[in-house]
$ cat input.pdb   # PDB, C-alpha atoms and all ligand atoms
ATOM      1  CA  MET A   1     123.916  92.636  64.642
ATOM      2  CA  ARG A   2     125.806  92.418  61.339
ATOM      3  CA  LEU A   3     126.699  88.906  60.240
ATOM      4  CA  ASP A   4     130.428  89.685  59.884
ATOM      5  CA  LYS A   5     130.579  91.251  63.357
ATOM      6  CA  TYR A   6     128.750  88.260  64.856
ATOM      7  CA  LEU A   7     131.228  85.827  63.322
ATOM      8  CA  SER A   8     134.290  87.763  64.341
ATOM      9  CA  GLU A   9     132.991  88.169  67.910
ATOM     10  CA  ALA A  10     132.472  84.411  67.956
ATOM     11  CA  SER A  11     136.205  84.107  67.142
ATOM     12  CA  ILE A  12     135.718  82.630  63.671
ATOM     13  CA  GLY A  13     138.324  85.077  62.394
ATOM     14  CA  ARG A  14     139.179  88.716  61.978
ATOM     15  CA  ARG A  15     136.619  91.056  60.438
ATOM     16  CA  LYS A  16     138.394  91.052  57.054
ATOM     17  CA  ALA A  17     138.752  87.262  57.013
ATOM     18  CA  VAL A  18     135.150  86.550  57.983
ATOM     19  CA  ARG A  19     133.886  88.894  55.257
ATOM     20  CA  GLN A  20     135.765  86.722  52.786
ATOM     21  CA  PHE A  21     134.359  83.487  54.325
ATOM     22  CA  ILE A  22     130.876  84.943  53.881
ATOM     23  CA  LYS A  23     131.541  85.987  50.269
ATOM     24  CA  ASP A  24     132.978  82.520  49.586
ATOM     25  CA  GLY A  25     129.630  80.977  50.604
ATOM     26  CA  LYS A  26     130.970  79.252  53.726
ATOM     27  CA  VAL A  27     128.351  80.754  56.030
ATOM     28  CA  LEU A  28     124.727  79.664  56.340
ATOM     29  CA  VAL A  29     121.957  81.655  58.014
ATOM     30  CA  ASN A  30     119.005  79.413  58.894
ATOM     31  CA  GLY A  31     120.212  76.827  56.402
ATOM     32  CA  CYS A  32     120.711  79.218  53.468
ATOM     33  CA  VAL A  33     124.035  80.492  52.137
ATOM     34  CA  GLN A  34     124.373  84.178  52.891
ATOM     35  CA  ILE A  35     127.030  86.054  50.939
ATOM     36  CA  VAL A  36     126.451  89.615  52.142
ATOM     37  CA  PRO A  37     128.686  90.472  55.152
ATOM     38  CA  ALA A  38     126.448  93.395  56.206
ATOM     39  CA  THR A  39     123.342  91.204  56.537
ATOM     40  CA  GLU A  40     121.531  91.951  59.789
ATOM     41  CA  ILE A  41     120.879  88.842  61.857
ATOM     42  CA  ASP A  42     118.873  88.217  65.007
ATOM     43  CA  GLU A  43     121.379  86.774  67.477
ATOM     44  CA  GLN A  44     118.605  85.234  69.597
ATOM     45  CA  LYS A  45     116.697  83.446  66.827
ATOM     46  CA  ASP A  46     118.850  82.928  63.756
ATOM     47  CA  VAL A  47     121.011  79.816  63.415
ATOM     48  CA  ILE A  48     124.406  80.593  61.946
ATOM     49  CA  GLU A  49     126.672  77.877  60.581
ATOM     50  CA  TYR A  50     130.272  78.101  59.411
ATOM     51  CA  GLU A  51     131.741  75.244  57.384
ATOM     52  CA  GLY A  52     128.940  72.937  58.505
ATOM     53  CA  GLU A  53     129.150  73.713  62.238
ATOM     54  CA  LYS A  54     126.849  75.826  64.339
ATOM     55  CA  VAL A  55     128.563  79.023  65.469
ATOM     56  CA  ILE A  56     128.468  79.594  69.230
ATOM     57  CA  HIS A  57     128.401  83.247  70.263
ATOM     58  CA  SER A  58     128.628  83.486  74.044
ATOM     59  CA  GLY A  59     128.027  87.221  74.273
ATOM     60  CA  LYS A  60     131.566  87.480  75.601
ATOM     61  CA  VAL A  61     134.071  89.251  73.421
ATOM     62  CA  TYR A  62     137.851  89.224  73.463
ATOM     63  CA  TYR A  63     140.082  91.492  71.438
ATOM     64  CA  MET A  64     143.782  91.849  70.804
ATOM     65  CA  PHE A  65     144.549  95.565  70.643
ATOM     66  CA  HIS A  66     147.809  97.114  69.443
ATOM     67  CA  LYS A  67     148.025 100.049  71.834
ATOM     68  CA  PRO A  68     149.810 103.073  70.436
ATOM     69  CA  ALA A  69     151.745 105.463  72.684
ATOM     70  CA  GLY A  70     149.818 108.571  73.716
ATOM     71  CA  CYS A  71     146.588 107.055  75.041
ATOM     72  CA  ILE A  72     145.799 105.998  78.578
ATOM     73  CA  THR A  73     144.578 102.591  79.711
ATOM     74  CA  ALA A  74     141.160 103.623  80.978
ATOM     75  CA  ARG A  75     137.591 103.339  79.776
ATOM     76  CA  LYS A  76     136.780 107.056  79.688
ATOM     77  CA  ASP A  77     138.589 110.269  80.413
ATOM     78  CA  GLU A  78     137.608 113.919  80.140
ATOM     79  CA  ARG A  79     140.956 115.094  78.816
ATOM     80  CA  GLU A  80     143.031 112.186  77.559
ATOM     81  CA  LYS A  81     142.421 109.783  74.703
ATOM     82  CA  THR A  82     141.760 106.301  76.111
ATOM     83  CA  VAL A  83     142.226 102.808  74.703
ATOM     84  CA  LEU A  84     138.435 102.348  74.636
ATOM     85  CA  ASP A  85     138.127 105.361  72.313
ATOM     86  CA  PHE A  86     139.468 103.026  69.610
ATOM     87  CA  PHE A  87     136.454 100.721  70.114
ATOM     88  CA  GLN A  88     133.684 103.288  69.718
ATOM     89  CA  GLU A  89     132.341 101.670  66.544
ATOM     90  CA  LEU A  90     131.426  98.573  68.582
ATOM     91  CA  ASN A  91     129.134 100.610  70.804
ATOM     92  CA  ASP A  92     129.716  98.223  73.695
ATOM     93  CA  ASN A  93     129.776  99.830  77.130
ATOM     94  CA  GLY A  94     130.754  96.609  78.861
ATOM     95  CA  LEU A  95     134.262  96.517  77.396
ATOM     96  CA  PHE A  96     137.299  97.096  79.586
ATOM     97  CA  PRO A  97     141.084  96.712  79.277
ATOM     98  CA  VAL A  98     142.794  93.723  80.895
ATOM     99  CA  GLY A  99     145.526  95.202  83.067
ATOM    100  CA  ARG A 100     147.218  98.424  82.130
ATOM    101  CA  LEU A 101     150.026  99.852  80.063
ATOM    102  CA  ASP A 102     151.531 103.289  80.699
ATOM    103  CA  LYS A 103     150.557 106.146  78.417
ATOM    104  CA  ASP A 104     153.907 105.972  76.608
ATOM    105  CA  THR A 105     153.964 102.142  76.386
ATOM    106  CA  GLU A 106     152.894 100.442  73.166
ATOM    107  CA  GLY A 107     151.882  96.936  72.283
ATOM    108  CA  LEU A 108     149.650  94.084  73.275
ATOM    109  CA  LEU A 109     146.579  94.819  75.373
ATOM    110  CA  PHE A 110     143.496  92.624  75.693
ATOM    111  CA  ILE A 111     140.074  94.247  75.698
ATOM    112  CA  THR A 112     137.088  92.185  76.837
ATOM    113  CA  ASN A 113     133.759  92.206  78.637
ATOM    114  CA  ASP A 114     134.593  88.978  80.486
ATOM    115  CA  GLY A 115     135.612  89.360  84.127
ATOM    116  CA  VAL A 116     136.663  85.706  84.360
ATOM    117  CA  PHE A 117     139.123  86.146  81.495
ATOM    118  CA  ASN A 118     140.481  89.277  83.167
ATOM    119  CA  HIS A 119     141.019  87.292  86.351
ATOM    120  CA  GLU A 120     142.780  84.440  84.545
ATOM    121  CA  VAL A 121     145.212  86.823  82.855
ATOM    122  CA  MET A 122     145.816  89.263  85.693
ATOM    123  CA  TYR A 123     145.511  87.442  88.990
ATOM    124  CA  PRO A 124     149.079  87.326  90.423
ATOM    125  CA  GLU A 125     148.763  83.698  91.492
ATOM    126  CA  LYS A 126     148.156  82.686  87.887
ATOM    127  CA  HIS A 127     151.762  83.746  87.085
ATOM    128  CA  VAL A 128     151.033  84.654  83.482
ATOM    129  CA  ASP A 129     154.249  85.790  81.780
ATOM    130  CA  LYS A 130     154.267  89.165  80.055
ATOM    131  CA  THR A 131     157.171  89.963  77.751
ATOM    132  CA  TYR A 132     158.286  93.492  76.922
ATOM    133  CA  PHE A 133     160.725  94.842  74.378
ATOM    134  CA  PHE A 134     162.648  97.901  75.566
ATOM    135  CA  TRP A 135     165.207 100.494  74.601
ATOM    136  CA  ALA A 136     167.081 102.032  77.537
ATOM    137  CA  PHE A 137     169.972 104.331  78.241
ATOM    138  CA  GLY A 138     172.587 102.486  80.288
ATOM    139  CA  GLU A 139     174.381  99.178  80.087
ATOM    140  CA  LEU A 140     173.305  95.641  80.867
ATOM    141  CA  ASN A 141     175.762  92.901  81.708
ATOM    142  CA  LYS A 142     175.548  89.370  83.104
ATOM    143  CA  ASP A 143     175.687  90.618  86.674
ATOM    144  CA  LYS A 144     172.788  93.071  86.196
ATOM    145  CA  MET A 145     170.762  90.472  84.300
ATOM    146  CA  ASP A 146     171.279  87.985  87.140
ATOM    147  CA  ARG A 147     170.119  90.627  89.602
ATOM    148  CA  LEU A 148     166.922  91.142  87.612
ATOM    149  CA  ILE A 149     166.268  87.386  87.686
ATOM    150  CA  GLU A 150     167.084  87.022  91.377
ATOM    151  CA  GLY A 151     164.889  90.006  92.202
ATOM    152  CA  VAL A 152     165.295  93.740  92.767
ATOM    153  CA  HIS A 153     163.631  96.071  95.244
ATOM    154  CA  LEU A 154     161.640  98.820  93.591
ATOM    155  CA  GLU A 155     162.187 102.381  94.728
ATOM    156  CA  HIS A 156     159.537 103.514  97.239
ATOM    157  CA  ALA A 157     158.242  99.951  97.679
ATOM    158  CA  GLU A 158     159.136  97.052  99.926
ATOM    159  CA  ILE A 159     158.242  94.446  97.355
ATOM    160  CA  LEU A 160     160.859  92.269  95.638
ATOM    161  CA  VAL A 161     160.141  91.797  91.947
ATOM    162  CA  LYS A 162     161.745  89.290  89.620
ATOM    163  CA  ALA A 163     162.101  88.780  85.896
ATOM    164  CA  SER A 164     161.747  85.236  84.631
ATOM    165  CA  LYS A 165     163.860  86.009  81.552
ATOM    166  CA  VAL A 166     166.081  88.865  80.325
ATOM    167  CA  GLU A 167     167.687  88.978  76.899
ATOM    168  CA  ILE A 168     169.850  91.632  75.280
ATOM    169  CA  ASP A 169     169.052  92.452  71.669
ATOM    170  CA  LYS A 170     171.460  95.316  70.835
ATOM    171  CA  GLN A 171     173.998  97.306  72.789
ATOM    172  CA  GLY A 172     176.165 100.263  71.758
ATOM    173  CA  LEU A 173     176.420 104.031  71.847
ATOM    174  CA  PHE A 174     173.411 106.221  71.107
ATOM    175  CA  TYR A 175     174.858 107.728  67.940
ATOM    176  CA  GLU A 176     175.527 104.208  66.557
ATOM    177  CA  LEU A 177     172.025 102.879  67.234
ATOM    178  CA  GLN A 178     169.844 105.981  67.089
ATOM    179  CA  ALA A 179     168.317 105.063  63.737
ATOM    180  CA  GLN A 180     166.960 101.827  65.236
ATOM    181  CA  ILE A 181     165.493 103.303  68.414
ATOM    182  CA  GLU A 182     161.715 103.435  68.221
ATOM    183  CA  GLY A 183     159.608 106.332  69.483
ATOM    184  CA  ASN A 184     160.945 109.689  70.586
ATOM    185  CA  GLY A 185     161.354 109.014  74.327
ATOM    186  CA  TYR A 186     165.121 109.426  73.934
ATOM    187  CA  GLU A 187     164.635 113.157  73.346
ATOM    188  CA  LYS A 188     164.200 113.534  77.114
ATOM    189  CA  VAL A 189     167.863 112.606  77.541
ATOM    190  CA  LYS A 190     169.726 115.830  76.821
ATOM    191  CA  LYS A 191     173.134 115.478  78.413
ATOM    192  CA  ASN A 192     175.847 114.009  76.157
ATOM    193  CA  ARG A 193     173.190 111.923  74.479
ATOM    194  CA  GLU A 194     175.292 110.975  71.445
ATOM    195  CA  ILE A 195     177.958 109.190  73.481
ATOM    196  CA  GLN A 196     175.726 107.539  76.062
ATOM    197  CA  PRO A 197     175.466 103.727  76.056
ATOM    198  CA  VAL A 198     172.091 102.339  75.017
ATOM    199  CA  VAL A 199     170.680  98.826  75.146
ATOM    200  CA  SER A 200     167.634  97.061  73.756
ATOM    201  CA  GLY A 201     166.232  93.733  74.837
ATOM    202  CA  PHE A 202     163.388  91.649  76.126
ATOM    203  CA  ILE A 203     162.277  91.192  79.714
ATOM    204  CA  THR A 204     159.607  88.779  80.948
ATOM    205  CA  ILE A 205     157.734  89.317  84.196
ATOM    206  CA  SER A 206     154.639  87.802  85.762
ATOM    207  CA  GLN A 207     153.920  90.274  88.543
ATOM    208  CA  GLY A 208     152.093  93.505  87.762
ATOM    209  CA  CYS A 209     153.338  96.466  89.837
ATOM    210  CA  LYS A 210     152.894  99.999  88.565
ATOM    211  CA  HIS A 211     155.657 100.953  86.063
ATOM    212  CA  GLN A 212     157.299  97.659  86.973
ATOM    213  CA  VAL A 213     159.606  97.222  83.987
ATOM    214  CA  LYS A 214     160.790 100.828  84.062
ATOM    215  CA  ARG A 215     161.433 100.607  87.785
ATOM    216  CA  MET A 216     163.214  97.261  87.532
ATOM    217  CA  LEU A 217     165.528  98.539  84.823
ATOM    218  CA  LYS A 218     166.114 101.690  86.860
ATOM    219  CA  ALA A 219     167.163  99.509  89.786
ATOM    220  CA  VAL A 220     170.077  98.267  87.652
ATOM    221  CA  GLY A 221     170.978 101.713  86.287
ATOM    222  CA  CYS A 222     169.032 101.705  82.999
ATOM    223  CA  TYR A 223     166.559 104.374  81.919
ATOM    224  CA  ILE A 224     163.807 103.114  79.583
ATOM    225  CA  VAL A 225     162.954 105.373  76.654
ATOM    226  CA  TYR A 226     160.792 102.933  74.671
ATOM    227  CA  LEU A 227     158.613 100.084  75.915
ATOM    228  CA  LYS A 228     156.373  97.697  74.034
ATOM    229  CA  ARG A 229     154.541  94.616  75.324
ATOM    230  CA  VAL A 230     155.003  91.833  72.796
ATOM    231  CA  SER A 231     153.333  88.864  74.461
ATOM    232  CA  ILE A 232     151.056  87.741  77.268
ATOM    233  CA  GLY A 233     151.217  84.057  78.102
ATOM    234  CA  LYS A 234     151.295  82.163  74.801
ATOM    235  CA  VAL A 235     149.682  85.013  72.872
ATOM    236  CA  THR A 236     152.021  87.194  70.821
ATOM    237  CA  LEU A 237     151.138  90.585  69.383
ATOM    238  CA  ASP A 238     150.098  90.092  65.788
ATOM    239  CA  GLU A 239     152.620  92.263  63.950
ATOM    240  CA  THR A 240     150.215  92.708  61.032
ATOM    241  CA  LEU A 241     147.964  94.604  63.422
ATOM    242  CA  GLU A 242     148.683  98.294  62.983
ATOM    243  CA  LYS A 243     148.998 100.542  66.015
ATOM    244  CA  GLY A 244     145.519 101.589  67.127
ATOM    245  CA  SER A 245     143.770  98.611  65.538
ATOM    246  CA  TYR A 246     142.350  95.396  66.964
ATOM    247  CA  ARG A 247     141.067  91.959  66.063
ATOM    248  CA  ALA A 248     139.086  89.247  67.843
ATOM    249  CA  LEU A 249     141.211  86.755  69.739
ATOM    250  CA  THR A 250     140.995  83.249  68.295
ATOM    251  CA  LYS A 251     139.476  80.401  70.316
ATOM    252  CA  GLU A 252     142.939  78.953  70.832
ATOM    253  CA  GLU A 253     144.232  82.270  72.145
ATOM    254  CA  ILE A 254     141.295  82.651  74.556
ATOM    255  CA  ASN A 255     141.535  79.072  75.738
ATOM    256  CA  SER A 256     145.258  79.319  76.354
ATOM    257  CA  PHE A 257     144.146  81.179  79.504
ATOM    258  CA  MET A 258     140.813  79.440  80.140
ATOM    259  CA  SER A 259     141.117  75.850  78.922
ATOM    260  CA  HIS A 260     141.144  74.365  82.438
ATOM    261  CA  ARG A 261     137.866  76.100  83.269
ATOM    262  CA  ASN A 262     134.308  75.027  82.510
ATOM    263  CA  ASP A 263     133.732  78.352  80.773
ATOM    264  CA  SER A 264     136.408  77.830  78.110
ATOM    265  CA  VAL A 265     135.276  78.751  74.598
ATOM    266  CA  THR A 266     134.242  75.778  72.431
TER
HETATM  267  N1  LIG B   1     155.980  98.140  83.043
HETATM  268  C1  LIG B   1     156.099  99.482  82.869
HETATM  269  O1  LIG B   1     157.015 100.095  83.407
HETATM  270  N2  LIG B   1     155.199 100.095  82.098
HETATM  271  C2  LIG B   1     154.195  99.479  81.465
HETATM  272  O2  LIG B   1     153.416 100.106  80.751
HETATM  273  C3  LIG B   1     154.087  98.081  81.652
HETATM  274  C4  LIG B   1     154.986  97.443  82.443
END
$ encode --input "input.pdb" --output "structure tokens" --more "lines below"
Ligand code: URA
Amino acid sequence: MRLDKYLSEASIGRRKAVRQFIKDGKVLVNGCVQIVPATEIDEQKDVIEYEGEKVIHSGKVYYMFHKPAGCITARKDEREKTVLDFFQELNDNGLFPVGRLDKDTEGLLFITNDGVFNHEVMYPEKHVDKTYFFWAFGELNKDKMDRLIEGVHLEHAEILVKASKVEIDKQGLFYELQAQIEGNGYEKVKKNREIQPVVSGFITISQGCKHQVKRMLKAVGCYIVYLKRVSIGKVTLDETLEKGSYRALTKEEINSFMSHRNDSVT
């Protein structure tokens, strides 16, 4: 494996940053400074050190991916582009997405090969908060926000789902706010679009039902036209990460989900 890939998989830093660490002479391979990021190393035999400490590479990898709209959260698909298509250069068949985002949803998605990590993030009893930014047609007021917190019944499902937090960002008429609305989902609204009320905001949930945020907002009369996940637990989408790109999660980010377990990353 390439030295820079090894270091970034071991959560020393992003690919670009670790290349610089290597060029700066901060990385030793078997006791010798190695300044060429593309150097091939033997992961089983070679001893890699960064700033005087042995680098531990567990074989487990964890990535923060900025999912763009237009791809599906699956490993492979005959017809549709998938989130794993963005990871082809890694040539790692064991990777899978942690949870799922709808095809038209953007934002933070973890990609890993670690089933334990997946469990820690996704298992409902872990109550990991996921925060989404949305634009919707409709109005939100205190009463509707309270209903979202107290819990709403989703259409075609018995289950009661609750938000732990709801915040309004902007509210007004479509023609006043159009320039700020991301994506083109609003084009689906044809009737009197210009004078319809629109609202943007943040909603935090910890359950994970299909289309949950869209269905919750629908339950209070709002129709989502743009949705982006901005955080999972304590990890926030790195805004310097362009849509369709990824970076290794840092040790702190990984351990924010795993620190209580024996298999936390050290
Ligand atoms: N809720 C939704 O409605 N869609 C998503 O993609 C994620 C959460």
$ closest_residue --input "input.pdb" --among "A:Glu139, A:Glu80, A:Glu176, A:Asp102" --to "ligand LIG 1 (chain B)" --atoms "only C-alpha atoms and all ligand atoms"
A:Asp102
$ residues_around --input "input.pdb" --residues "Val29 in chain A" --least-positions-apart "4" --cutoff "10 Å" --atoms "all atoms listed in the file" --output "list in words"
Leu3, Val33, Gln34, Ile35, Thr39, Ile41, Asp46, Val47, Ile48, Glu49, Tyr50 and Lys54 of chain A
$ write_last_selection --input "input.pdb" --atoms "C-alpha atoms" --output "PDB file, in the frame of the given file"
ATOM      1  CA  LEU A   3     126.699  88.906  60.240  1.00  0.00           C
ATOM      2  CA  VAL A  33     124.035  80.492  52.137  1.00  0.00           C
ATOM      3  CA  GLN A  34     124.373  84.178  52.891  1.00  0.00           C
ATOM      4  CA  ILE A  35     127.030  86.054  50.939  1.00  0.00           C
ATOM      5  CA  THR A  39     123.342  91.204  56.537  1.00  0.00           C
ATOM      6  CA  ILE A  41     120.879  88.842  61.857  1.00  0.00           C
ATOM      7  CA  ASP A  46     118.850  82.928  63.756  1.00  0.00           C
ATOM      8  CA  VAL A  47     121.011  79.816  63.415  1.00  0.00           C
ATOM      9  CA  ILE A  48     124.406  80.593  61.946  1.00  0.00           C
ATOM     10  CA  GLU A  49     126.672  77.877  60.581  1.00  0.00           C
ATOM     11  CA  TYR A  50     130.272  78.101  59.411  1.00  0.00           C
ATOM     12  CA  LYS A  54     126.849  75.826  64.339  1.00  0.00           C
TER      13      LYS A  54
END
$ resolve_selection --input "input.pdb" --expression "the PyMOL selection byres (((chain A and resi 184) around 12) and not hetatm)" --output "ChimeraX atom specification"
/A:69-70,104-105,135,178-183,185-189,224-227
$ closest_residue --input "input.pdb" --among "A:Tyr132, A:Phe174, A:Phe137, A:Tyr246" --to "ligand LIG 1 (chain B)" --atoms "all atoms listed in the file"
A:Tyr132
$ atom_distance --input "input.pdb" --atom1 "CA of Val128 in chain A" --atom2 "CA of Ser164 in chain A"
10.8 Å
$ closest_atom_pairs --input "input.pdb" --of "range 151-255 of chain A" --to "range 7-10 of chain A" --cutoff "9 Å" --atoms "only C-alpha atoms" --output "tab-separated table"
residue	atom	partner	partner_atom	distance
A:Arg247	CA	A:Ser8	CA	8.2
A:Ala248	CA	A:Ser8	CA	6.1
A:Leu249	CA	A:Glu9	CA	8.5
A:Thr250	CA	A:Ala10	CA	8.6
A:Lys251	CA	A:Ala10	CA	8.4
$ write_last_selection --input "input.pdb" --atoms "C-alpha atoms" --output "tab-separated table (two decimals), keeping the file's coordinate frame"
chain	number	residue	atom	x	y	z
A	247	ARG	CA	141.07	91.96	66.06
A	248	ALA	CA	139.09	89.25	67.84
A	249	LEU	CA	141.21	86.76	69.74
A	250	THR	CA	141.00	83.25	68.30
A	251	LYS	CA	139.48	80.40	70.32
